[in-house]
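Next comes upload_39.cif, a file with mmCIF, C-alpha atoms.
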data_structure
loop_
_atom_site.label_atom_id
_atom_site.label_comp_id
_atom_site.auth_asym_id
_atom_site.auth_seq_id
_atom_site.Cartn_x
_atom_site.Cartn_y
_atom_site.Cartn_z
CA MET T 1 10.45 -26.88 28.54
CA LYS T 2 7.19 -25.34 27.29
CA LEU T 3 7.96 -22.05 29.11
CA LYS T 4 11.43 -21.92 27.51
CA LEU T 5 9.89 -22.42 24.08
CA ILE T 6 7.43 -19.55 24.65
CA ILE T 7 10.27 -17.28 25.82
CA ALA T 8 12.32 -18.17 22.75
CA ILE T 9 9.36 -17.41 20.47
CA LEU T 10 8.76 -14.09 22.18
CA PHE T 11 12.43 -13.19 21.77
CA ILE T 12 12.26 -13.93 18.05
CA LYS T 13 9.02 -11.99 17.77
CA PHE T 14 10.25 -8.86 19.52
CA SER T 15 13.72 -8.91 18.03
CA GLY T 16 11.74 -7.90 14.94
CA LEU T 17 10.73 -4.72 16.74
CA PHE T 18 14.24 -3.48 16.14
CA GLY T 19 14.02 -4.21 12.43
CA GLN T 20 14.51 -1.89 9.54
CA GLU T 21 12.73 0.61 7.30
CA PHE T 22 12.72 -0.27 3.60
CA LEU T 23 11.90 1.51 0.38
CA TYR T 24 10.98 -0.62 -2.65
CA TYR T 25 11.25 1.08 -6.03
CA CYS T 26 11.90 0.55 -9.74
CA SER T 27 14.89 2.07 -11.48
CA ARG T 28 16.91 2.07 -14.69
CA ALA T 29 19.81 3.91 -16.29
CA THR T 30 18.67 6.77 -18.52
CA PRO T 31 19.56 5.17 -21.91
CA THR T 32 16.35 3.86 -23.45
CA THR T 33 18.02 0.48 -24.01
CA ALA T 34 18.18 -0.10 -20.27
CA THR T 35 15.36 -2.00 -18.55
CA TRP T 36 13.48 -1.16 -15.37
CA GLN T 37 14.34 -3.41 -12.43
CA VAL T 38 13.19 -3.63 -8.80
CA TYR T 39 15.39 -2.58 -5.89
CA LYS T 40 15.05 -2.38 -2.13
CA LYS T 41 16.87 0.21 -0.04
CA ASN T 42 17.33 -0.20 3.69
CA LEU T 43 16.73 3.33 4.93
CA THR T 44 18.37 2.55 8.25
CA THR T 45 21.65 1.18 6.89
CA SER T 46 21.52 2.81 3.39
CA VAL T 47 22.25 -0.59 1.82
CA THR T 48 20.54 -1.20 -1.54
CA TYR T 49 19.56 -4.67 -2.74
CA THR T 50 18.81 -5.78 -6.31
CA ILE T 51 15.53 -7.70 -6.40
CA THR T 52 15.25 -8.34 -10.16
CA ASN T 53 17.98 -8.47 -12.79
CA ASP T 54 16.44 -9.67 -16.04
CA PRO T 55 17.08 -7.62 -19.21
CA ASN T 56 14.22 -9.42 -20.98
CA TYR T 57 11.62 -7.55 -18.92
CA ASN T 58 10.81 -4.13 -17.56
CA TYR T 59 9.73 -4.53 -13.94
CA TRP T 60 7.80 -1.36 -13.20
CA ARG T 61 5.73 -1.73 -10.02
CA ALA T 62 6.48 -3.59 -6.78
CA GLU T 63 4.62 -3.81 -3.47
CA PRO T 64 5.31 -6.02 -0.42
CA SER T 65 2.74 -8.16 1.35
CA PRO T 66 1.51 -7.07 4.79
CA ASP T 67 3.80 -9.59 6.52
CA ASN T 68 6.78 -8.49 4.38
CA SER T 69 7.34 -12.03 3.07
CA LYS T 70 6.26 -11.59 -0.58
CA LEU T 71 6.35 -9.04 -3.39
CA LEU T 72 3.79 -8.40 -6.12
CA ILE T 73 5.54 -7.09 -9.24
CA VAL T 74 4.19 -6.00 -12.63
CA ARG T 75 6.44 -6.57 -15.64
CA SER T 76 6.34 -6.11 -19.42
CA PRO T 77 8.57 -7.53 -22.18
CA ALA T 78 11.58 -5.30 -22.84
CA ASN T 79 10.70 -4.87 -26.51
CA VAL T 80 7.26 -3.29 -26.01
CA SER T 81 6.39 0.36 -25.56
CA PRO T 82 5.84 2.11 -23.24
CA ASP T 83 8.52 0.45 -21.17
CA GLN T 84 6.89 1.52 -17.93
CA GLU T 85 3.23 1.10 -16.98
CA ASN T 86 2.23 -1.04 -19.96
CA TYR T 87 -1.10 -2.40 -18.77
CA VAL T 88 -1.91 -4.12 -22.08
CA ASP T 89 1.18 -6.33 -22.38
CA CYS T 90 2.19 -7.39 -18.88
CA ASP T 91 2.35 -10.14 -16.26
CA ILE T 92 1.83 -10.00 -12.52
CA VAL T 93 4.48 -12.01 -10.72
CA LYS T 94 4.94 -12.93 -7.06
CA CYS T 95 8.24 -13.65 -5.34
CA ASN T 96 10.02 -13.54 -2.02
CA THR T 97 11.21 -10.10 -0.94
CA ASP T 98 14.76 -10.97 -2.01
CA GLY T 99 13.57 -11.80 -5.54
CA THR T 100 13.78 -15.60 -5.20
CA GLY T 101 10.91 -17.92 -5.97
CA MET T 102 9.53 -15.69 -8.72
CA HIS T 103 6.55 -17.05 -10.62
CA VAL T 104 3.76 -15.63 -12.76
CA ILE T 105 0.36 -15.56 -11.07
CA ILE T 106 -1.49 -13.67 -13.85
CA ALA T 107 -0.05 -13.98 -17.35
CA ASN T 108 -0.61 -11.63 -20.27
CA ASN T 109 -4.13 -12.16 -21.71
CA GLN T 110 -5.10 -14.46 -18.84
CA TYR T 111 -8.87 -14.68 -18.33
CA GLY T 112 -9.14 -13.07 -21.78
CA TRP T 113 -8.40 -9.68 -20.26
CA TYR T 114 -7.11 -7.08 -22.70
CA GLY T 115 -5.28 -5.23 -19.92
CA PHE T 116 -4.78 -5.31 -16.16
CA GLY T 117 -2.53 -4.03 -13.40
CA ASN T 118 -2.13 -2.16 -10.09
CA PRO T 119 -2.24 -5.23 -7.80
CA HIS T 120 -2.49 -4.66 -4.02
CA PHE T 121 -2.50 -7.27 -1.25
CA HIS T 122 -5.50 -7.08 1.08
CA PRO T 123 -4.33 -6.02 4.58
CA THR T 124 -4.84 -9.63 5.73
CA GLY T 125 -2.53 -10.79 2.92
CA ASN T 126 -5.11 -13.30 1.67
CA ARG T 127 -6.54 -11.56 -1.40
CA ILE T 128 -5.37 -9.24 -4.19
CA LEU T 129 -7.18 -6.18 -5.56
CA LEU T 130 -6.44 -5.12 -9.15
CA ILE T 131 -7.96 -3.42 -12.17
CA ALA T 132 -8.74 -5.11 -15.48
CA GLN T 133 -10.14 -4.30 -18.92
CA PRO T 134 -11.90 -7.32 -20.49
CA THR T 135 -11.64 -5.99 -24.09
CA SER T 136 -10.03 -3.03 -25.81
CA THR T 137 -13.38 -1.19 -25.89
CA ALA T 138 -14.72 -2.26 -22.50
CA ALA T 139 -14.52 -0.18 -19.35
CA TRP T 140 -11.85 -0.80 -16.75
CA ASN T 141 -13.25 -2.18 -13.50
CA LEU T 142 -12.12 -3.43 -10.11
CA TYR T 143 -11.48 -7.16 -9.59
CA THR T 144 -10.06 -9.45 -6.93
CA VAL T 145 -8.11 -12.69 -7.22
CA ASP T 146 -6.69 -14.99 -4.58
CA THR T 147 -2.97 -14.88 -3.81
CA ALA T 148 -2.29 -17.52 -6.45
CA GLY T 149 -3.94 -15.32 -9.11
CA ASN T 150 -7.01 -17.56 -9.36
CA ASN T 151 -10.76 -17.07 -8.84
CA PRO T 152 -11.22 -13.61 -10.38
CA GLN T 153 -14.29 -11.74 -9.22
CA GLN T 154 -15.51 -8.40 -10.58
CA LEU T 155 -16.31 -5.81 -7.92
CA THR T 156 -17.56 -2.82 -9.94
CA THR T 157 -19.58 -2.48 -13.13
CA THR T 158 -19.61 1.29 -13.64
CA GLY T 159 -15.87 1.66 -14.25
CA GLY T 160 -12.85 2.02 -12.03
CA ILE T 161 -9.07 2.34 -12.05
CA ASP T 162 -6.27 2.96 -9.53
CA ALA T 163 -7.98 1.01 -6.74
CA ASN T 164 -6.54 0.71 -3.23
CA TRP T 165 -7.54 -0.79 0.12
CA SER T 166 -8.24 1.04 3.35
CA PRO T 167 -5.93 0.06 6.27
CA LEU T 168 -8.56 -2.34 7.63
CA GLY T 169 -9.47 -3.66 4.20
CA ASN T 170 -13.15 -2.88 4.76
CA LYS T 171 -13.20 -0.08 2.16
CA VAL T 172 -11.71 0.62 -1.25
CA VAL T 173 -10.84 3.91 -2.90
CA PHE T 174 -10.61 4.23 -6.67
CA VAL T 175 -10.95 6.53 -9.67
CA SER T 176 -13.81 6.55 -12.15
CA LEU T 177 -14.76 8.65 -15.16
CA THR T 178 -17.89 10.79 -14.69
CA GLY T 179 -17.91 12.60 -18.06
CA PRO T 180 -16.30 12.84 -21.50
CA SER T 181 -13.07 14.57 -20.45
CA LEU T 182 -10.03 13.23 -18.60
CA LEU T 183 -10.71 16.09 -16.20
CA ASN T 184 -13.81 14.10 -15.22
CA LEU T 185 -11.70 11.41 -13.54
CA GLU T 186 -12.87 11.61 -9.91
CA ILE T 187 -12.18 9.86 -6.61
CA PHE T 188 -14.71 7.34 -5.24
CA LYS T 189 -14.85 5.10 -2.18
CA ALA T 190 -16.93 2.04 -1.38
CA ASN T 191 -17.52 -0.37 1.47
CA TYR T 192 -15.97 -3.81 1.02
CA ASN T 193 -17.33 -7.04 2.51
CA TYR T 194 -14.53 -9.59 2.75
CA ALA T 195 -16.89 -12.53 3.40
CA THR T 196 -18.96 -11.93 0.26
CA ASN T 197 -16.11 -10.33 -1.74
CA GLN T 198 -18.38 -7.48 -2.85
CA VAL T 199 -18.48 -3.68 -2.67
CA SER T 200 -21.43 -1.53 -1.73
CA ASN T 201 -22.37 2.08 -1.01
CA ILE T 202 -20.19 3.62 -3.73
CA VAL T 203 -19.75 7.35 -3.00
CA GLN T 204 -18.16 10.05 -5.17
CA LEU T 205 -15.71 12.11 -3.10
CA THR T 206 -14.46 14.70 -5.61
CA ASN T 207 -16.10 16.85 -8.26
CA ASP T 208 -13.28 19.10 -9.38
CA THR T 209 -11.54 20.45 -12.46
CA THR T 210 -8.44 18.25 -12.16
CA ARG T 211 -7.52 14.85 -13.56
CA ASP T 212 -7.37 12.66 -10.43
CA HIS T 213 -5.29 9.48 -10.07
CA ASP T 214 -3.71 6.98 -7.68
CA PRO T 215 -5.58 7.52 -4.41
CA CYS T 216 -4.45 5.91 -1.15
CA PHE T 217 -5.62 6.03 2.45
CA SER T 218 -3.58 7.50 5.30
CA PRO T 219 -2.24 4.94 7.80
CA ASN T 220 -5.12 5.46 10.23
CA GLY T 221 -7.71 5.65 7.45
CA ASP T 222 -8.99 9.19 8.06
CA LYS T 223 -7.62 10.86 4.90
CA ILE T 224 -6.95 10.09 1.25
CA ALA T 225 -4.01 11.33 -0.83
CA PHE T 226 -4.01 11.37 -4.63
CA CYS T 227 -2.51 12.94 -7.74
CA ALA T 228 -4.49 15.86 -9.25
CA GLY T 229 -3.39 17.40 -12.54
CA ASN T 230 -4.33 18.95 -15.84
CA ALA T 231 -5.68 16.83 -18.71
CA SER T 232 -2.23 16.02 -20.13
CA LEU T 233 -0.66 15.53 -16.68
CA THR T 234 2.13 17.95 -17.56
CA ASP T 235 1.39 19.71 -14.29
CA ALA T 236 -0.01 17.63 -11.44
CA ASP T 237 0.12 17.88 -7.69
CA ILE T 238 -0.38 15.75 -4.59
CA VAL T 239 -3.65 16.52 -2.81
CA THR T 240 -5.28 15.23 0.38
CA ILE T 241 -8.95 15.10 1.37
CA ASP T 242 -10.93 13.71 4.28
CA THR T 243 -12.70 10.42 3.61
CA SER T 244 -15.90 12.47 3.26
CA GLY T 245 -14.30 14.43 0.40
CA ALA T 246 -14.01 17.62 2.50
CA ASN T 247 -10.96 19.69 3.43
CA ARG T 248 -9.15 19.40 0.11
CA THR T 249 -5.52 20.45 0.62
CA GLY T 250 -2.76 20.72 -1.96
CA VAL T 251 0.42 19.48 -0.31
CA VAL T 252 2.84 19.29 -3.27
CA ASN T 253 2.85 21.82 -6.11
CA ASP T 254 5.50 22.40 -8.74
CA ASN T 255 5.99 22.24 -12.51
CA GLY T 256 6.35 18.48 -12.80
CA THR T 257 3.78 15.72 -12.60
CA HIS T 258 3.43 13.61 -9.51
CA GLY T 259 1.81 10.31 -8.84
CA GLY T 260 2.41 6.70 -9.60
CA ASN T 261 1.81 4.27 -6.78
CA VAL T 262 1.10 7.02 -4.24
CA ASN T 263 1.89 5.45 -0.86
CA TRP T 264 1.20 7.02 2.54
CA GLY T 265 3.75 5.38 4.83
CA THR T 266 3.31 4.65 8.52
CA ASN T 267 6.05 7.25 9.11
CA ASN T 268 3.48 9.87 7.97
CA LYS T 269 5.21 10.58 4.68
CA ILE T 270 3.46 10.45 1.30
CA TYR T 271 5.69 8.78 -1.31
CA TYR T 272 5.35 9.41 -5.05
CA HIS T 273 7.37 9.78 -8.23
CA SER T 274 7.79 12.89 -10.34
CA ILE T 275 7.96 12.78 -14.14
CA TYR T 276 8.06 15.52 -16.75
CA VAL T 277 5.52 13.98 -19.09
CA SER T 278 6.15 16.31 -22.03
CA THR T 279 9.66 14.86 -22.46
CA PHE T 280 9.43 11.72 -20.28
CA THR T 281 12.53 12.82 -18.40
CA ASN T 282 13.45 13.54 -14.79
CA PHE T 283 11.97 10.37 -13.30
CA MET T 284 12.52 11.25 -9.64
CA ALA T 285 11.20 9.93 -6.33
CA ASP T 286 10.18 12.22 -3.48
CA ASP T 287 8.07 12.22 -0.36
CA PHE T 288 5.96 14.82 1.40
CA ASN T 289 6.64 14.86 5.13
CA CYS T 290 3.25 15.52 6.77
CA GLY T 291 4.95 16.31 10.06
CA THR T 292 7.14 19.12 8.72
CA ASN T 293 4.93 20.04 5.70
CA SER T 294 7.92 19.78 3.40
CA VAL T 295 8.98 17.89 0.28
CA GLU T 296 11.98 15.60 0.72
CA ALA T 297 13.97 14.33 -2.27
CA ILE T 298 14.60 10.59 -2.14
CA PHE T 299 16.16 9.83 -5.52
CA ASN T 300 17.26 12.56 -7.91
CA SER T 301 19.81 11.74 -10.59
CA SER T 302 20.65 12.91 -14.10
CA SER T 303 21.77 9.39 -15.07
CA ILE T 304 19.18 7.17 -13.36
CA HIS T 305 15.38 7.09 -13.51
CA TYR T 306 13.11 6.07 -10.61
CA LEU T 307 9.48 4.91 -10.36
CA HIS T 308 6.94 3.93 -7.71
CA PRO T 309 8.68 4.31 -4.33
CA PHE T 310 6.86 2.20 -1.72
CA TYR T 311 7.69 2.52 1.99
CA ARG T 312 7.48 -0.34 4.45
CA ASN T 313 8.45 -0.22 8.13
CA GLN T 314 8.88 -3.57 9.83
CA ILE T 315 7.55 -2.07 13.08
CA THR T 316 10.30 0.23 14.46
CA THR T 317 13.93 1.07 13.97
CA SER T 318 15.33 1.34 17.48
CA ILE T 319 14.68 1.26 21.22
CA LYS T 320 14.77 5.06 21.12
CA ASN T 321 11.94 5.09 18.60
CA LEU T 322 9.93 2.75 20.80
CA GLN T 323 10.36 5.11 23.72
CA GLU T 324 9.24 8.08 21.63
CA LYS T 325 5.91 6.67 20.44
CA LYS T 326 3.20 9.32 20.59
CA GLY T 327 0.58 7.21 22.33
CA THR T 328 0.23 4.46 24.88
CA ILE T 329 -2.30 1.69 25.12
CA SER T 330 -3.74 -0.31 27.99
CA CYS T 331 -6.08 -3.27 28.07
CA PHE T 332 -8.23 -4.99 30.68
CA PRO T 333 -9.02 -7.50 31.97
CA ASN T 334 -5.70 -9.24 31.42
CA PRO T 335 -5.92 -12.22 31.30
CA ALA T 336 -9.12 -11.84 29.26
CA PHE T 337 -11.86 -14.30 28.48
CA ASN T 338 -14.32 -13.34 25.71
CA ILE T 339 -13.99 -9.54 25.82
CA ILE T 340 -10.99 -7.24 26.14
CA ASN T 341 -11.30 -3.49 26.68
CA ILE T 342 -8.70 -1.25 25.03
CA VAL T 343 -7.94 2.30 26.11
CA LEU T 344 -5.86 4.69 24.01
CA GLU T 345 -4.06 7.44 25.89
CA ASN T 346 -2.93 10.65 24.14
CA GLN T 347 -4.75 9.45 21.01
CA ILE T 348 -8.33 9.39 19.81
CA LYS T 349 -8.19 6.83 17.01
CA ASP T 350 -5.92 4.10 15.68
CA ILE T 351 -5.90 0.79 13.83
CA ILE T 352 -4.55 -2.20 15.69
CA GLN T 353 -3.58 -5.73 14.73
CA ILE T 354 -3.96 -8.64 17.11
CA THR T 355 -1.04 -10.99 16.48
CA ASP T 356 -0.07 -14.33 17.94
CA CYS T 357 3.35 -15.29 19.33
CA LEU T 358 4.66 -15.99 15.82
CA GLY T 359 3.68 -12.55 14.59
CA ARG T 360 0.78 -13.83 12.49
CA ILE T 361 -2.09 -11.36 12.17
CA VAL T 362 -5.21 -12.79 13.81
CA SER T 363 -7.51 -9.80 13.30
CA MET T 364 -7.53 -6.04 12.75
CA HIS T 365 -9.69 -3.42 14.40
CA GLU T 366 -10.36 0.30 14.14
CA ILE T 367 -10.40 1.62 17.69
CA ASP T 368 -11.42 4.88 19.30
CA LYS T 369 -10.27 6.12 22.69
CA THR T 370 -12.07 3.25 24.45
CA THR T 371 -13.06 0.12 22.52
CA SER T 372 -14.20 -3.40 23.44
CA ILE T 373 -13.15 -6.31 21.23
CA ASP T 374 -14.76 -9.75 21.11
CA LEU T 375 -12.15 -12.50 21.64
CA GLU T 376 -14.55 -15.44 21.58
CA THR T 377 -13.08 -16.94 18.39
CA LEU T 378 -9.47 -16.81 19.68
CA GLN T 379 -7.83 -19.90 21.09
CA PRO T 380 -6.33 -19.56 24.60
CA GLY T 381 -2.79 -18.22 24.45
CA ILE T 382 -0.54 -15.16 24.38
CA TYR T 383 -1.36 -12.33 21.95
CA PHE T 384 -0.18 -8.80 21.20
CA LEU T 385 -1.90 -5.53 20.34
CA VAL T 386 0.19 -3.89 17.61
CA SER T 387 -0.44 -0.41 16.20
CA LYS T 388 -0.72 -0.58 12.41
CA THR T 389 0.26 3.10 12.36
CA ASP T 390 3.24 2.41 14.64
CA GLN T 391 2.07 4.79 17.38
CA PHE T 392 2.62 2.75 20.54
CA ILE T 393 4.69 -0.09 21.97
CA PRO T 394 2.99 -3.48 21.37
CA GLN T 395 0.93 -4.59 24.36
CA LYS T 396 0.83 -8.23 25.44
CA PHE T 397 -2.34 -9.89 26.71
CA ILE T 398 -3.42 -13.42 27.57
CA LYS T 399 -6.62 -15.07 26.36
CA ASN T 400 -7.87 -17.71 28.83
#

Same coordinates, now as C-alpha cells:
Amino acid sequence: MKLKLIIAILFIKFSGLFGQEFLYYCSRATPTTATWQVYKKNLTTSVTYTITNDPNYNYWRAEPSPDNSKLLIVRSPANVSPDQENYVDCDIVKCNTDGTGMHVIIANNQYGWYGFGNPHFHPTGNRILLIAQPTSTAAWNLYTVDTAGNNPQQLTTTGGIDANWSPLGNKVVFVSLTGPSLLNLEIFKANYNYATNQVSNIVQLTNDTTRDHDPCFSPNGDKIAFCAGNASLTDADIVTIDTSGANRTGVVNDNGTHGGNVNWGTNNKIYYHSIYVSTFTNFMADDFNCGTNSVEAIFNSSSIHYLHPFYRNQITTSIKNLQEKKGTISCFPNPAFNIINIVLENQIKDIIQITDCLGRIVSMHEIDKTTSIDLETLQPGIYFLVSKTDQFIPQKFIKN
C-alpha cells in the first residue's frame, strides 16, 4: 500500500513536468476611464484568463510565487493619478493565481510609510522584498516583510529602489542615486543573509551616463538586465552586464522607452514593456530572445495597453522539450547518506532545487561542473534534483 502511494505521488509530481508556460501581465482598454486589470495567458494553449475584474482599482503589477500558488499584486484606487505605478497611494494584495482569495497584506499608509511597492517573493517563497519611503522627504530604501505583510525590516540605509533577488536569494540587485541628477541612478548589488535578514558588501556595478532602472538577474545568476535611458526616459534601452559590472551590452534599442518589471525568464527571454513617455501612449509588451538576439512582440494593439509582462514556466511544456534539454546531470552515490556528488555534463554552471515527492522546495544550490551537497539535514526519503533554469531532466535520488 505504501509503495502504491509513493507511485501515485510521483505520478502527480511528474505530470506537472508536462505543464504550461504562462505570461502574467496588466492590461486595459485605451480610454482613460478604463482600469488596469491582471490577466494570465497560457502561451502553450493561447488561452487568456482574467485574474482581476474590479473597476474600483487599477491593478498594475503582478508576480507569481516560486511554487506558482500565489500572486503578489499592487493596486491603486481608480480615481487617483497616475493610474499605473502609483507608489504613494497603493495596496499590496495577495491571492491565488486564479484571483480567488484576494486580501490586502500591506495597506496604503501601513507602517506610516508614505510610499512603497515592487514586491518580490524570495526564491524560497517565505519572504517578500520591497521598497518603501517612510516620509515624503525621506529616501527610498529596501525592506522585507513576511508573506503575511508583517514584520518589516529595513535592509539599506543609503537609498535604494527597484530591488530584486538573485535566483538563489543570496544576493539582491537594486538602483541607488549617486549624485544630483536622475542620470546618477546606478545599479548596485549586495550579499543577502537569509538567517539574519540583512545585506552586506554593497557594490556599485555601473557608473554611466544613463538613467538606470529595474534590474533583474539572469536565470543562472551570471548576468543582470536593466533599463537604461535618458533623464526623461523618452528614449531608454534594455542593457545587460555581468554581475561584476563588466561587458555592458545594449540588447534592445529603439525610439521608445523600455522597462517596467524587467523579467529574465527561464526560456532565456528578457520580458519588458515599452511606453512612449512623452505622450503616455503605445503601452506594448515585448521580449528580447537571447538565443536569436532578436526582439519579439508579445502584445501590440492600438486599442489596448499592456504593462509588466512576467513569464513563468511550470517546468516544461512537452516530452519533446524534455528530450531537448541542453545538459544532463548525474549524482552519486545513490542512495546517498550525508553527501551527494552532482556532475553536470555539457554545462559548467547551474542552479538546482532539491524537492521532495510533493514538489516542495527543500533547498537550492548553485553548482559548478562537479559539486558536493550536504544532505545531513534531510529526512530519509525520495528527492529530486530540478534545474531552476530548466536545463536538464529532473534527477531522482534517495536519501537513506

Could you check how far CA of His308 (chain T) sits from CA of Thr35 (chain T), in Å to one decimal?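 CA of His308 (chain T) sits 15.0 Å away from CA of Thr35 (chain T).
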
Please list as an NGL selection string every residue within 6 Å of Cys290 (chain T), counting all atoms listed in the file and excluding residues in the same chain fewer than 2 positions away. :T and (268-269 or 292-293)

Selection result of the PyMOL selection byres ((chain T and resi 259) around 12) on this file, as JSON, numbers by chain: {"T": [162, 211, 212, 213, 214, 215, 216, 225, 226, 227, 228, 229, 233, 234, 235, 236, 237, 238, 239, 252, 253, 256, 257, 258, 260, 261, 262, 263, 264, 270, 271, 272, 273, 274, 275, 276, 277, 283, 284, 285, 286, 287, 288, 307, 308, 309, 310]}

Pairwise distance for CA of Ser81 (chain T) and CA of Asn184 (chain T), rounded to one decimal in Å: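 Interatomic distance here is 26.5 Å.
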
Shortest interatomic distance to Val74 (chain T) - which of T:Phe332, T:Trp165, T:Tyr39, T:Phe116, counting only C-alpha atoms: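 The answer is T:Phe116, which sits nearest to Val74 (chain T).
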
Got a sec to resolve the PyMOL selection byres ((chain T and resi 134) around 6) on this structure and send the residues as a PDB file with C-alpha atoms, in the coordinates of the input?
ATOM      1  CA  TRP T 113      -8.400  -9.680 -20.260  1.00  0.00           C
ATOM      2  CA  TYR T 114      -7.110  -7.080 -22.700  1.00  0.00           C
ATOM      3  CA  GLN T 133     -10.140  -4.300 -18.920  1.00  0.00           C
ATOM      4  CA  THR T 135     -11.640  -5.990 -24.090  1.00  0.00           C
TER       5      THR T 135
END

Rank nothing, just name the residue among T:Leu378, T:Ile187, T:Leu130, T:Ala78 nearest to Asp356 (chain T), using only C-alpha atoms.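 Smallest separation from Asp356 (chain T) among the options: T:Leu378.
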
Restricting the calculation to only C-alpha atoms: of T:Thr144, T:Thr355, T:Thr377, T:Asn230, which residue gets closest to Thr209 (chain T)?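 Result for the nearest residue to Thr209 (chain T): T:Asn230.
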
Evaluate the PyMOL selection byres ((chain T and resi 192) around 8) and report residues as a count of residues only: 12

Neighbouring residues of Leu168 (chain T) were defined as those with any atom within 10 Å, considering only C-alpha atoms; residues of the same chain fewer than 2 positions away were excluded. Please report them as a short mmCIF file (atom, residue, chain, number, x, y, z; two decimals) with C-alpha atoms, in the frame of the given file.
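Below is the file that was written, part-v9.cif:
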data_model
loop_
_atom_site.label_atom_id
_atom_site.label_comp_id
_atom_site.auth_asym_id
_atom_site.auth_seq_id
_atom_site.Cartn_x
_atom_site.Cartn_y
_atom_site.Cartn_z
CA HIS T 122 -5.50 -7.08 1.08
CA PRO T 123 -4.33 -6.02 4.58
CA THR T 124 -4.84 -9.63 5.73
CA TRP T 165 -7.54 -0.79 0.12
CA SER T 166 -8.24 1.04 3.35
CA ASN T 170 -13.15 -2.88 4.76
CA LYS T 171 -13.20 -0.08 2.16
CA VAL T 172 -11.71 0.62 -1.25
CA PRO T 219 -2.24 4.94 7.80
CA ASN T 220 -5.12 5.46 10.23
CA GLY T 221 -7.71 5.65 7.45
CA ILE T 351 -5.90 0.79 13.83
CA ILE T 352 -4.55 -2.20 15.69
CA GLN T 353 -3.58 -5.73 14.73
CA SER T 363 -7.51 -9.80 13.30
CA MET T 364 -7.53 -6.04 12.75
CA HIS T 365 -9.69 -3.42 14.40
CA GLU T 366 -10.36 0.30 14.14
CA LYS T 388 -0.72 -0.58 12.41
#

Quick one: pull the distance between CA of Asn126 (chain T) and CA of Ala163 (chain T), Å, one decimal. 16.8 Å

Complete the atom set of region 88-101 of chain T to N, CA and C atoms and return it as a PDB file, in the coordinates of the input.
ATOM      1  N   VAL T  88      -1.344  -3.248 -21.045  1.00  0.00           N
ATOM      2  CA  VAL T  88      -1.910  -4.120 -22.080  1.00  0.00           C
ATOM      3  C   VAL T  88      -1.031  -5.338 -22.328  1.00  0.00           C
ATOM      4  N   ASP T  89       0.257  -5.234 -22.116  1.00  0.00           N
ATOM      5  CA  ASP T  89       1.180  -6.330 -22.380  1.00  0.00           C
ATOM      6  C   ASP T  89       2.025  -6.542 -21.128  1.00  0.00           C
ATOM      7  N   CYS T  90       1.479  -7.246 -20.146  1.00  0.00           N
ATOM      8  CA  CYS T  90       2.190  -7.390 -18.880  1.00  0.00           C
ATOM      9  C   CYS T  90       1.826  -8.699 -18.180  1.00  0.00           C
ATOM     10  N   ASP T  91       2.621  -9.048 -17.187  1.00  0.00           N
ATOM     11  CA  ASP T  91       2.350 -10.140 -16.260  1.00  0.00           C
ATOM     12  C   ASP T  91       2.361  -9.584 -14.850  1.00  0.00           C
ATOM     13  N   ILE T  92       1.667 -10.260 -13.952  1.00  0.00           N
ATOM     14  CA  ILE T  92       1.830 -10.000 -12.520  1.00  0.00           C
ATOM     15  C   ILE T  92       2.555 -11.201 -11.936  1.00  0.00           C
ATOM     16  N   VAL T  93       3.677 -10.939 -11.297  1.00  0.00           N
ATOM     17  CA  VAL T  93       4.480 -12.010 -10.720  1.00  0.00           C
ATOM     18  C   VAL T  93       4.539 -11.834  -9.205  1.00  0.00           C
ATOM     19  N   LYS T  94       4.778 -12.938  -8.517  1.00  0.00           N
ATOM     20  CA  LYS T  94       4.940 -12.930  -7.060  1.00  0.00           C
ATOM     21  C   LYS T  94       6.258 -13.597  -6.725  1.00  0.00           C
ATOM     22  N   CYS T  95       6.951 -13.074  -5.721  1.00  0.00           N
ATOM     23  CA  CYS T  95       8.240 -13.650  -5.340  1.00  0.00           C
ATOM     24  C   CYS T  95       8.498 -13.344  -3.872  1.00  0.00           C
ATOM     25  N   ASN T  96       9.547 -13.917  -3.345  1.00  0.00           N
ATOM     26  CA  ASN T  96      10.020 -13.540  -2.020  1.00  0.00           C
ATOM     27  C   ASN T  96      10.604 -12.141  -2.081  1.00  0.00           C
ATOM     28  N   THR T  97      10.759 -11.491  -0.936  1.00  0.00           N
ATOM     29  CA  THR T  97      11.210 -10.100  -0.940  1.00  0.00           C
ATOM     30  C   THR T  97      12.676  -9.949  -1.331  1.00  0.00           C
ATOM     31  N   ASP T  98      13.397 -11.055  -1.481  1.00  0.00           N
ATOM     32  CA  ASP T  98      14.760 -10.970  -2.010  1.00  0.00           C
ATOM     33  C   ASP T  98      14.817 -11.307  -3.499  1.00  0.00           C
ATOM     34  N   GLY T  99      13.646 -11.521  -4.108  1.00  0.00           N
ATOM     35  CA  GLY T  99      13.570 -11.800  -5.540  1.00  0.00           C
ATOM     36  C   GLY T  99      13.555 -13.279  -5.887  1.00  0.00           C
ATOM     37  N   THR T 100      13.791 -14.167  -4.928  1.00  0.00           N
ATOM     38  CA  THR T 100      13.780 -15.600  -5.200  1.00  0.00           C
ATOM     39  C   THR T 100      12.337 -16.111  -5.279  1.00  0.00           C
ATOM     40  N   GLY T 101      12.220 -17.293  -5.889  1.00  0.00           N
ATOM     41  CA  GLY T 101      10.910 -17.920  -5.970  1.00  0.00           C
ATOM     42  C   GLY T 101       9.924 -17.194  -6.857  1.00  0.00           C
TER      43      GLY T 101
END
